[in-house]
$ cat work.txt   # compact mmCIF, C-alpha atoms
# COMPACT_ATOMS: atom_id res chain seq x y z
CA MET A 22 13.73 -49.62 -50.01
CA SER A 23 14.16 -46.12 -48.57
CA SER A 24 12.31 -46.98 -45.36
CA LEU A 25 14.55 -49.94 -44.69
CA ASP A 26 17.68 -47.81 -45.13
CA ILE A 27 16.57 -45.00 -42.71
CA ALA A 28 15.38 -47.25 -39.87
CA PRO A 29 18.84 -48.60 -38.91
CA ASP A 30 20.27 -45.04 -38.78
CA ARG A 31 17.57 -43.72 -36.42
CA ARG A 32 17.61 -46.72 -34.11
CA PRO A 33 21.05 -45.94 -32.53
CA ARG A 34 20.09 -42.26 -31.99
CA SER A 35 16.98 -43.15 -29.96
CA GLN A 36 19.01 -45.61 -27.91
CA VAL A 37 21.67 -42.93 -27.20
CA ASN A 38 19.01 -40.42 -26.14
CA SER A 39 17.37 -42.91 -23.81
CA ILE A 40 20.74 -43.82 -22.29
CA LEU A 41 21.56 -40.13 -21.70
CA ARG A 42 18.12 -39.55 -20.15
CA ASP A 43 18.60 -42.47 -17.78
CA LEU A 44 22.07 -41.25 -16.81
CA ARG A 45 20.78 -37.76 -16.08
CA GLY A 46 17.95 -39.23 -13.98
CA GLU A 47 20.34 -41.37 -11.98
CA ASP A 48 22.67 -38.41 -11.43
CA PHE A 49 19.72 -36.25 -10.29
CA ARG A 50 18.47 -38.91 -7.86
CA HIS A 51 21.98 -39.45 -6.53
CA ALA A 52 22.34 -35.72 -5.85
CA ARG A 53 18.99 -35.63 -4.02
CA ASN A 54 20.03 -38.63 -1.94
CA LEU A 55 23.18 -36.81 -0.91
CA GLN A 56 21.06 -33.79 0.08
CA ARG A 57 18.58 -36.09 1.90
CA SER A 58 15.68 -34.55 0.03
CA PRO A 59 12.22 -36.17 0.06
CA ALA A 60 11.45 -38.77 -2.55
CA THR A 61 8.70 -36.72 -4.22
CA ILE A 62 8.95 -33.06 -5.25
CA PRO A 63 6.10 -30.82 -4.02
CA PRO A 64 4.02 -29.27 -6.80
CA SER A 65 4.79 -25.73 -5.59
CA ALA A 66 8.49 -26.25 -6.40
CA THR A 67 7.83 -26.74 -10.11
CA ALA A 68 4.82 -24.45 -10.56
CA HIS A 69 5.59 -21.05 -12.08
CA ASN A 70 2.17 -19.41 -11.64
CA GLN A 71 2.03 -19.43 -7.84
CA ARG A 72 1.67 -16.18 -5.84
CA THR A 73 4.90 -14.55 -4.73
CA LEU A 74 3.43 -12.13 -2.16
CA PRO A 75 2.20 -13.13 1.32
CA PHE A 76 -1.44 -14.09 1.68
CA ASP A 77 -2.32 -11.15 3.94
CA VAL A 78 -0.81 -8.63 1.50
CA ILE A 79 -2.95 -9.91 -1.40
CA PHE A 80 -6.26 -10.52 0.39
CA GLY A 81 -6.01 -8.10 3.35
CA TYR A 82 -6.19 -10.76 6.06
CA GLN A 83 -4.03 -13.66 7.21
CA SER A 84 -4.70 -17.15 5.98
CA PRO A 85 -6.12 -19.33 8.77
CA GLY A 86 -4.00 -22.26 7.67
CA THR A 87 -0.72 -20.38 7.97
CA SER A 88 -1.45 -18.33 11.09
CA ASP A 89 -0.11 -21.00 13.43
CA ARG A 90 2.98 -21.57 11.28
CA SER A 91 4.13 -17.97 11.14
CA PRO A 92 7.85 -17.35 11.76
CA GLN A 93 7.01 -15.39 14.93
CA HIS A 94 6.07 -18.59 16.74
CA ARG A 95 9.13 -20.61 15.62
CA GLU A 96 12.01 -21.16 17.99
CA ILE A 97 15.31 -20.36 16.29
CA ARG A 98 18.27 -22.35 17.59
CA ILE A 99 21.50 -20.38 17.57
CA ALA A 100 24.88 -22.07 17.73
CA GLY A 101 26.70 -21.79 21.02
CA PRO A 102 25.75 -22.12 24.67
CA ARG A 103 22.24 -21.35 25.87
CA PRO A 104 21.69 -17.80 27.23
CA PRO A 105 21.28 -17.34 30.99
CA ARG A 106 17.83 -17.50 32.54
CA SER A 107 17.73 -13.78 33.24
CA TRP A 108 17.89 -13.13 29.49
CA ARG A 109 15.12 -15.53 28.57
CA LYS A 110 11.44 -14.54 28.31
CA GLN A 111 9.41 -15.95 31.14
CA SER A 112 6.65 -18.29 29.98
CA SER A 113 5.06 -18.84 33.37
CA PRO A 114 1.26 -18.75 33.88
CA THR A 115 1.54 -15.38 35.64
CA SER A 116 3.12 -13.71 32.63
CA THR A 117 0.52 -15.23 30.32
CA THR A 118 -2.26 -13.93 32.54
CA THR A 119 -0.73 -10.46 32.60
CA THR A 120 -0.42 -10.37 28.82
CA SER A 121 -4.01 -11.47 28.34
CA GLY A 122 -5.15 -8.86 30.84
CA GLU A 123 -3.29 -6.14 28.96
CA ALA A 124 -4.84 -7.29 25.73
CA THR A 125 -8.30 -7.19 27.26
CA HIS A 126 -7.65 -3.68 28.54
CA GLY A 127 -6.39 -2.64 25.11
CA GLU A 128 -9.55 -3.90 23.46
CA LYS A 129 -11.70 -1.81 25.81
CA SER A 130 -9.67 1.36 25.26
CA VAL A 131 -11.04 3.53 22.47
CA ASP A 132 -9.10 6.01 20.39
CA LYS A 133 -10.60 9.37 21.33
CA ASN A 134 -8.85 11.28 18.57
CA THR A 135 -11.00 10.10 15.68
CA PRO A 136 -13.93 11.77 13.88
CA ALA A 137 -16.23 8.87 14.82
CA TRP A 138 -15.57 9.31 18.54
CA ARG A 139 -15.89 13.10 18.38
CA GLN A 140 -19.19 12.79 16.55
CA MET A 141 -20.49 10.36 19.18
CA ALA A 142 -19.30 12.57 22.05
CA LEU A 143 -20.73 15.80 20.62
CA SER A 144 -24.01 14.36 19.34
CA PRO A 145 -26.06 15.09 22.53
CA ILE A 146 -25.20 18.78 22.73
CA LEU A 147 -25.45 19.30 18.96
CA CYS A 148 -28.88 17.67 18.92
CA GLU A 149 -29.99 19.91 21.81
CA CYS A 150 -28.86 23.03 19.89
CA PRO A 151 -30.03 22.56 16.29
CA THR A 152 -29.19 25.20 13.71
CA SER A 153 -31.29 26.76 10.98
CA VAL A 154 -28.87 25.27 8.45
CA SER A 155 -29.24 21.58 7.62
CA ASN A 156 -26.32 19.80 9.27
CA PRO A 157 -25.99 15.99 9.50
CA HIS A 158 -24.40 16.21 12.98
CA ASP A 159 -27.51 17.85 14.43
CA TYR A 160 -29.49 14.62 14.04
CA SER A 161 -29.20 11.40 15.97
CA HIS A 162 -29.70 9.30 12.79
CA PRO A 163 -27.28 9.38 9.84
CA VAL A 164 -28.23 11.46 6.80
CA PRO A 165 -27.78 9.44 3.57
CA VAL A 166 -27.13 12.41 1.24
CA PRO A 167 -24.79 15.15 2.53
CA PRO A 168 -26.13 18.68 1.95
CA LEU A 169 -24.38 21.14 -0.34
CA ILE A 170 -23.23 23.25 2.61
CA GLN A 171 -21.34 20.30 4.08
CA LEU A 172 -19.56 19.64 0.77
CA CYS A 173 -18.53 23.29 0.49
CA ILE A 174 -17.29 23.36 4.09
CA HIS A 175 -15.25 20.21 3.49
CA ILE A 176 -13.56 21.77 0.45
CA ILE A 177 -12.78 24.96 2.38
CA LEU A 178 -11.25 23.01 5.27
CA ALA A 179 -9.22 20.82 2.91
CA THR A 180 -7.81 23.73 0.87
CA CYS A 181 -7.67 26.70 3.27
CA GLY A 182 -6.09 27.12 6.66
CA GLY A 183 -4.39 29.72 8.82
CA GLU A 184 -4.10 33.08 7.06
CA ASP A 185 -6.04 31.87 4.02
CA LEU A 186 -8.97 30.96 6.24
CA ALA A 187 -8.79 34.31 8.01
CA ASP A 188 -9.07 36.08 4.63
CA LEU A 189 -12.02 33.92 3.61
CA VAL A 190 -14.10 34.10 6.81
CA PRO A 191 -15.39 37.70 6.32
CA ASP A 192 -17.21 36.54 3.18
CA ILE A 193 -19.00 33.71 5.07
CA PRO A 194 -22.31 34.65 6.76
CA VAL A 195 -22.47 34.23 10.53
CA HIS A 196 -25.05 31.45 10.49
CA LEU A 197 -22.83 29.47 8.11
CA ARG A 198 -19.82 30.03 10.35
CA ARG A 199 -21.74 28.20 13.05
CA ALA A 200 -22.20 25.19 10.75
CA PHE A 201 -18.57 25.55 9.69
CA MET A 202 -17.37 25.28 13.30
CA ARG A 203 -19.56 22.25 14.03
CA TYR A 204 -18.37 20.33 10.99
CA ALA A 205 -14.73 21.21 11.64
CA ALA A 206 -14.98 20.13 15.29
CA VAL A 207 -15.84 16.60 14.18
CA HIS A 208 -13.75 16.10 11.06
CA MET A 209 -10.90 18.66 11.06
CA PRO A 210 -10.43 20.40 14.44
CA LEU A 211 -9.38 24.02 14.20
CA SER A 212 -6.35 25.60 15.84
CA VAL A 213 -6.54 28.67 18.09
CA SER A 214 -5.76 31.07 15.24
CA GLU A 215 -8.39 29.44 13.03
CA LEU A 216 -10.95 29.64 15.85
CA GLU A 217 -10.21 33.34 16.22
CA ALA A 218 -10.75 33.79 12.48
CA VAL A 219 -14.08 31.93 12.50
CA CYS A 220 -15.29 33.82 15.58
CA ASP A 221 -14.12 37.11 14.01
CA GLY A 222 -13.18 38.60 17.37
CA HIS A 223 -16.61 38.06 18.97
CA GLY A 224 -15.64 35.04 21.08
CA SER A 225 -18.11 32.70 19.34
CA ALA A 226 -19.69 31.94 15.98
CA ASP A 227 -23.34 32.95 16.30
CA GLY A 228 -23.28 31.88 19.95
CA ASP A 229 -21.42 28.57 19.45
CA LEU A 230 -17.85 27.74 20.42
CA ILE A 231 -16.33 24.24 20.19
CA VAL A 232 -12.70 23.81 21.26
CA VAL A 233 -11.13 20.48 20.31
CA GLY A 234 -7.69 19.47 21.52
CA PRO A 235 -4.90 18.83 21.48
CA ARG A 236 -4.34 21.54 18.85
CA ALA A 237 -6.46 24.21 20.53
CA SER A 238 -6.93 25.48 24.08
CA LEU A 239 -8.57 28.70 25.22
CA ARG A 240 -6.72 31.50 26.88
CA ARG A 241 -7.90 33.15 30.05
CA ASP A 242 -8.84 36.38 28.28
CA TRP A 243 -10.79 34.77 25.43
CA PHE A 244 -14.16 36.08 26.62
CA GLN A 245 -12.86 39.46 27.74
CA LYS A 246 -15.05 42.06 26.03
CA THR A 247 -13.12 45.23 26.78
CA THR A 248 -9.89 45.86 24.88
CA GLU A 249 -6.71 47.34 26.27
CA GLY A 250 -6.56 51.12 26.27
CA GLU A 251 -10.33 51.55 25.86
CA LYS A 252 -11.80 54.44 27.81
CA PRO A 253 -15.33 54.71 29.23
CA GLY A 254 -16.32 57.33 26.65
CA GLU A 255 -14.92 55.36 23.70
CA THR A 256 -15.94 52.29 21.80
CA ALA A 257 -13.82 49.67 20.09
CA GLN A 258 -14.01 51.67 16.83
CA GLY A 259 -13.10 55.05 18.36
CA PRO A 260 -14.51 57.91 20.42
CA SER A 261 -18.27 58.11 20.77
CA VAL A 262 -19.89 60.72 18.52
CA HIS A 263 -23.36 62.24 19.01
CA LEU A 264 -25.20 62.42 15.68
CA THR A 265 -28.26 64.42 14.83
CA SER A 266 -31.52 62.87 13.64
CA GLU A 267 -30.87 63.92 10.03
CA GLU A 268 -27.40 62.36 10.01
CA CYS A 269 -28.81 59.17 11.53
CA SER A 270 -31.53 58.98 8.87
CA ASP A 271 -29.02 59.51 6.08
CA ASP A 272 -26.77 56.83 7.55
CA THR A 273 -29.69 54.41 7.83
CA GLU A 274 -30.83 54.98 4.25
CA GLY A 275 -27.34 54.27 2.97
CA THR A 276 -26.88 50.99 4.83
CA TRP A 277 -30.37 49.46 5.09
CA ASP A 278 -29.68 47.10 2.18
CA ASP A 279 -26.18 46.20 3.34
CA THR A 280 -26.38 42.53 4.32
CA LEU A 281 -22.93 42.51 5.91
CA SER A 282 -23.96 45.21 8.38
CA LEU A 283 -26.57 42.85 9.79
CA ASP A 284 -23.89 40.31 10.71
CA THR A 285 -21.66 42.69 12.66
CA GLU A 286 -23.81 42.57 15.77
CA PRO A 287 -22.00 40.26 18.22
CA VAL A 288 -23.95 37.46 19.86
CA SER A 289 -23.18 36.38 23.40
CA PRO A 290 -21.93 32.77 23.58
CA THR A 291 -24.62 30.33 24.66
CA MET A 292 -23.18 26.94 23.63
CA LEU A 293 -19.66 25.96 24.70
CA SER A 294 -17.90 22.61 24.28
CA PHE A 295 -14.43 21.51 25.37
CA VAL A 296 -13.27 18.20 23.86
CA SER A 297 -9.94 16.57 24.78
CA THR A 298 -8.34 19.93 25.48
CA LEU A 299 -6.57 21.54 28.38
CA LEU A 300 -8.98 23.65 30.44
CA THR A 301 -7.17 25.65 33.08
CA VAL A 302 -8.84 26.81 36.28
CA PRO A 303 -8.54 30.56 35.41
CA THR A 304 -10.18 29.91 32.03
CA PHE A 305 -12.93 27.86 33.69
CA LEU A 306 -13.63 30.63 36.20
CA ALA A 307 -13.79 33.20 33.38
CA LEU A 308 -16.63 31.47 31.47
CA PRO A 309 -19.41 33.90 30.53
CA PRO A 310 -22.67 33.68 32.52
CA THR A 311 -24.72 33.54 29.31
CA ILE A 312 -23.80 29.89 28.70
CA THR A 313 -26.89 27.66 28.58
CA HIS A 314 -25.34 24.52 27.04
CA LEU A 315 -21.96 23.33 28.31
CA ALA A 316 -20.01 20.15 27.50
CA LEU A 317 -16.74 19.15 29.20
CA LEU A 318 -15.70 15.98 27.38
CA ASN A 319 -12.47 14.07 28.07
CA ILE A 320 -10.87 16.91 30.01
CA PRO A 321 -7.47 15.69 31.29
CA TYR A 322 -7.42 17.56 34.62
CA GLN A 323 -10.06 18.24 37.23
CA VAL A 324 -11.82 21.62 37.30
CA PRO A 325 -13.70 23.13 40.28
CA LEU A 326 -17.20 22.01 39.38
CA GLN A 327 -18.55 23.29 42.72
CA ARG A 328 -18.13 26.81 41.31
CA LEU A 329 -20.16 26.03 38.20
CA PRO A 330 -23.61 27.08 39.57
CA THR A 331 -22.16 30.51 40.35
CA ILE A 332 -20.28 30.87 37.05
CA CYS A 333 -23.05 29.64 34.70
CA PRO A 334 -26.38 29.83 36.55
CA LEU A 335 -28.47 29.60 33.34
CA LEU A 336 -27.35 26.10 32.39
CA VAL A 337 -30.01 24.00 30.68
CA PHE A 338 -27.72 21.27 29.34
CA LEU A 339 -24.57 19.97 31.03
CA ASP A 340 -22.42 17.08 29.74
CA LEU A 341 -19.56 15.77 31.91
CA SER A 342 -18.94 12.51 30.04
CA TYR A 343 -15.67 10.67 29.34
CA ASN A 344 -13.66 12.37 32.11
CA ASP A 345 -11.22 10.04 33.85
CA TRP A 346 -11.45 11.99 37.10
CA LEU A 347 -15.21 11.29 37.13
CA SER A 348 -15.27 7.80 35.57
CA CYS A 349 -15.91 4.46 37.22
CA SER A 350 -12.18 3.98 37.92
CA SER A 351 -12.10 7.14 40.05
CA SER A 352 -13.35 6.73 43.61
CA LYS A 353 -13.93 10.49 44.03
CA GLY A 354 -16.33 10.89 41.12
CA ASN A 355 -19.51 10.84 43.19
CA GLN A 356 -17.90 12.98 45.88
CA ILE A 357 -17.04 15.70 43.36
CA LEU A 358 -20.57 15.78 42.00
CA MET A 359 -22.09 15.64 45.47
CA SER A 360 -20.16 18.79 46.39
CA MET A 361 -22.01 20.78 43.72
CA ALA A 362 -25.02 22.93 44.67
CA TRP A 363 -27.44 21.38 42.19
CA HIS A 364 -30.40 23.27 43.63
CA LYS A 365 -28.88 26.51 42.29
CA LEU A 366 -29.12 25.27 38.69
CA HIS A 367 -32.84 25.99 38.42
CA HIS A 368 -32.98 25.66 34.62
CA LEU A 369 -31.06 22.38 34.31
CA GLN A 370 -32.96 19.80 32.24
CA VAL A 371 -30.36 17.39 30.79
CA LEU A 372 -27.21 16.00 32.42
CA GLY A 373 -24.72 13.81 30.52
CA LEU A 374 -22.73 11.30 32.56
CA ARG A 375 -21.54 8.67 30.10
CA GLU A 376 -18.94 6.17 31.40
CA PHE A 377 -19.96 7.03 34.96
CA SER A 378 -21.65 4.93 37.64
CA ILE A 379 -24.35 7.09 39.22
CA ALA A 380 -25.13 6.50 42.88
CA PHE A 381 -28.72 6.72 44.11
CA SER A 382 -27.78 9.43 46.60
CA LEU A 383 -26.43 11.54 43.71
CA LEU A 384 -29.72 11.23 41.82
CA VAL A 385 -31.61 12.34 44.91
CA GLU A 386 -29.31 15.35 45.31
CA ILE A 387 -29.61 16.37 41.65
CA ASN A 388 -33.43 16.23 41.65
CA ARG A 389 -33.93 17.74 45.10
CA GLY A 390 -36.49 20.56 45.06
CA ARG A 391 -37.44 20.12 41.36
CA TRP A 392 -40.89 19.73 39.89
CA GLN A 393 -39.47 17.66 37.02
CA ASP A 394 -36.51 15.28 37.26
CA VAL A 395 -33.36 15.97 35.28
CA ARG A 396 -32.91 13.68 32.29
CA ILE A 397 -29.67 11.72 32.67
CA ILE A 398 -27.72 10.58 29.59
CA THR A 399 -25.65 7.49 30.34

$ encode --input "work.txt" --output "structure tokens"
Amino acid sequence: MSSLDIAPDRRPRSQVNSILRDLRGEDFRHARNLQRSPATIPPSATAHNQRTLPFDVIFGYQSPGTSDRSPQHREIRIAGPRPPRSWRKQSSPTSTTTTSGEATHGEKSVDKNTPAWRQMALSPILCECPTSVSNPHDYSHPVPVPPLIQLCIHIILATCGGEDLADLVPDIPVHLRRAFMRYAAVHMPLSVSELEAVCDGHGSADGDLIVVGPRASLRRDWFQKTTEGEKPGETAQGPSVHLTSEECSDDTEGTWDDTLSLDTEPVSPTMLSFVSTLLTVPTFLALPPTITHLALLNIPYQVPLQRLPTICPLLVFLDLSYNDWLSCSSSKGNQILMSMAWHKLHHLQVLGLREFSIAFSLLVEINRGRWQDVRIIT
């Protein structure tokens, strides 16, 4: 009896709900018809778990399916008259060719202010002048495990600089300052004040000096040994004093175990590298004659190379790579090198000419009068 009484009450409610649902559906379809919307709704319009960020932001690269439909390639129509032709971008074949040519040139250009490029540019001269300290940049192949010295140097460079580095350098042995300068030249180039601190007033760190621009450039008086106001009878520490044999023996006994006294003896610079820095003609002419390994890499302006055999006659290694005034695009590159007196460089064994087209006549001139040909790095 109870089931028969409840059924008639529920039957009108279900009919009312179905009528309301139909009316809402008709009203919704009528509104979509007025908006001229498509008949079916895309799934992305009703899904709530779709990504909200662009594809390239999430995955690091652009989706291949949406690359052609990016907003950059869409033509936006603005109300009003069309702009004049002088305001429009030309889409002729000549402009397309020019743009593609610029893109090709941009792909060939390499950023020369990166640690990877500096390591590649300095690798020949660093391999020719190995140090007693294990340094990964002294080898042509990569070292899988960095040595402890490299890790310590990296921490010093990351935490100290300027005056802090100048206060720390006296506690670093000279042979480690050499490794310090080589690592910094590749990863964190030093400024002029920091180079002076590492060299400790001797002009080089155990015979090595690497100047990396654009932060650093040498002055003309960098290698000047005599100081201002110094007299012939005086030294840099003061007037010369004649000591007796007993005083000399007492002085020797008191300092024979002093390790810092062994590092005070200055070493003449033998390895010199200029990388992407301004090298003026007066500074070039003032280079010390003790240089045996010289690298002029990516120097912006031409220097008088014809004077080099007279300035540095003991050269064993010479690298002139990556200079625009000697590269393939320069028509005077071979003429500049032909003007050098190569026969005066009796000790020359290696010559670096990367990004340079060597003429056969230049090879003949370089090897003229030699028992063994010069090894060319290209």

$ closest_residue --input "work.txt" --among "A:Leu308, A:Leu326, A:Cys173, A:Ala200" --to "A:Gly224" --atoms "all atoms listed in the file"
A:Leu308

$ residues_around --input "work.txt" --residues "A:Phe338" --least-positions-apart "3" --cutoff "10 Å" --atoms "all atoms listed in the file" --output "PyMOL selection string"
chain A and resi 145-146+149-150+292+312-316+335+368-373+395-396

$ atom_distance --input "work.txt" --atom1 "atom CA of A:Leu318" --atom2 "atom CA of A:Leu186"
26.8 Å

$ atom_distance --input "work.txt" --atom1 "atom CA of A:Pro321" --atom2 "atom CA of A:Arg199"
26.3 Å

$ residues_near_point --input "work.txt" --point "(-19.8, 11.9, 18.9)" --cutoff "6 Å" --atoms "only C-alpha atoms" --output "ChimeraX atom specification"
/A:138-144

$ residues_around --input "work.txt" --residues "A:Met359" --least-positions-apart "4" --cutoff "10 Å" --atoms "only C-alpha atoms" --output "list in words"
Gln327, Lys353, Gly354, Asn355, Trp363, Ala380, Ser382, Leu383, Leu384, Glu386 and Ile387 of chain A

$ atom_distance --input "work.txt" --atom1 "atom CA of A:His196" --atom2 "atom CA of A:Leu169"
15.0 Å
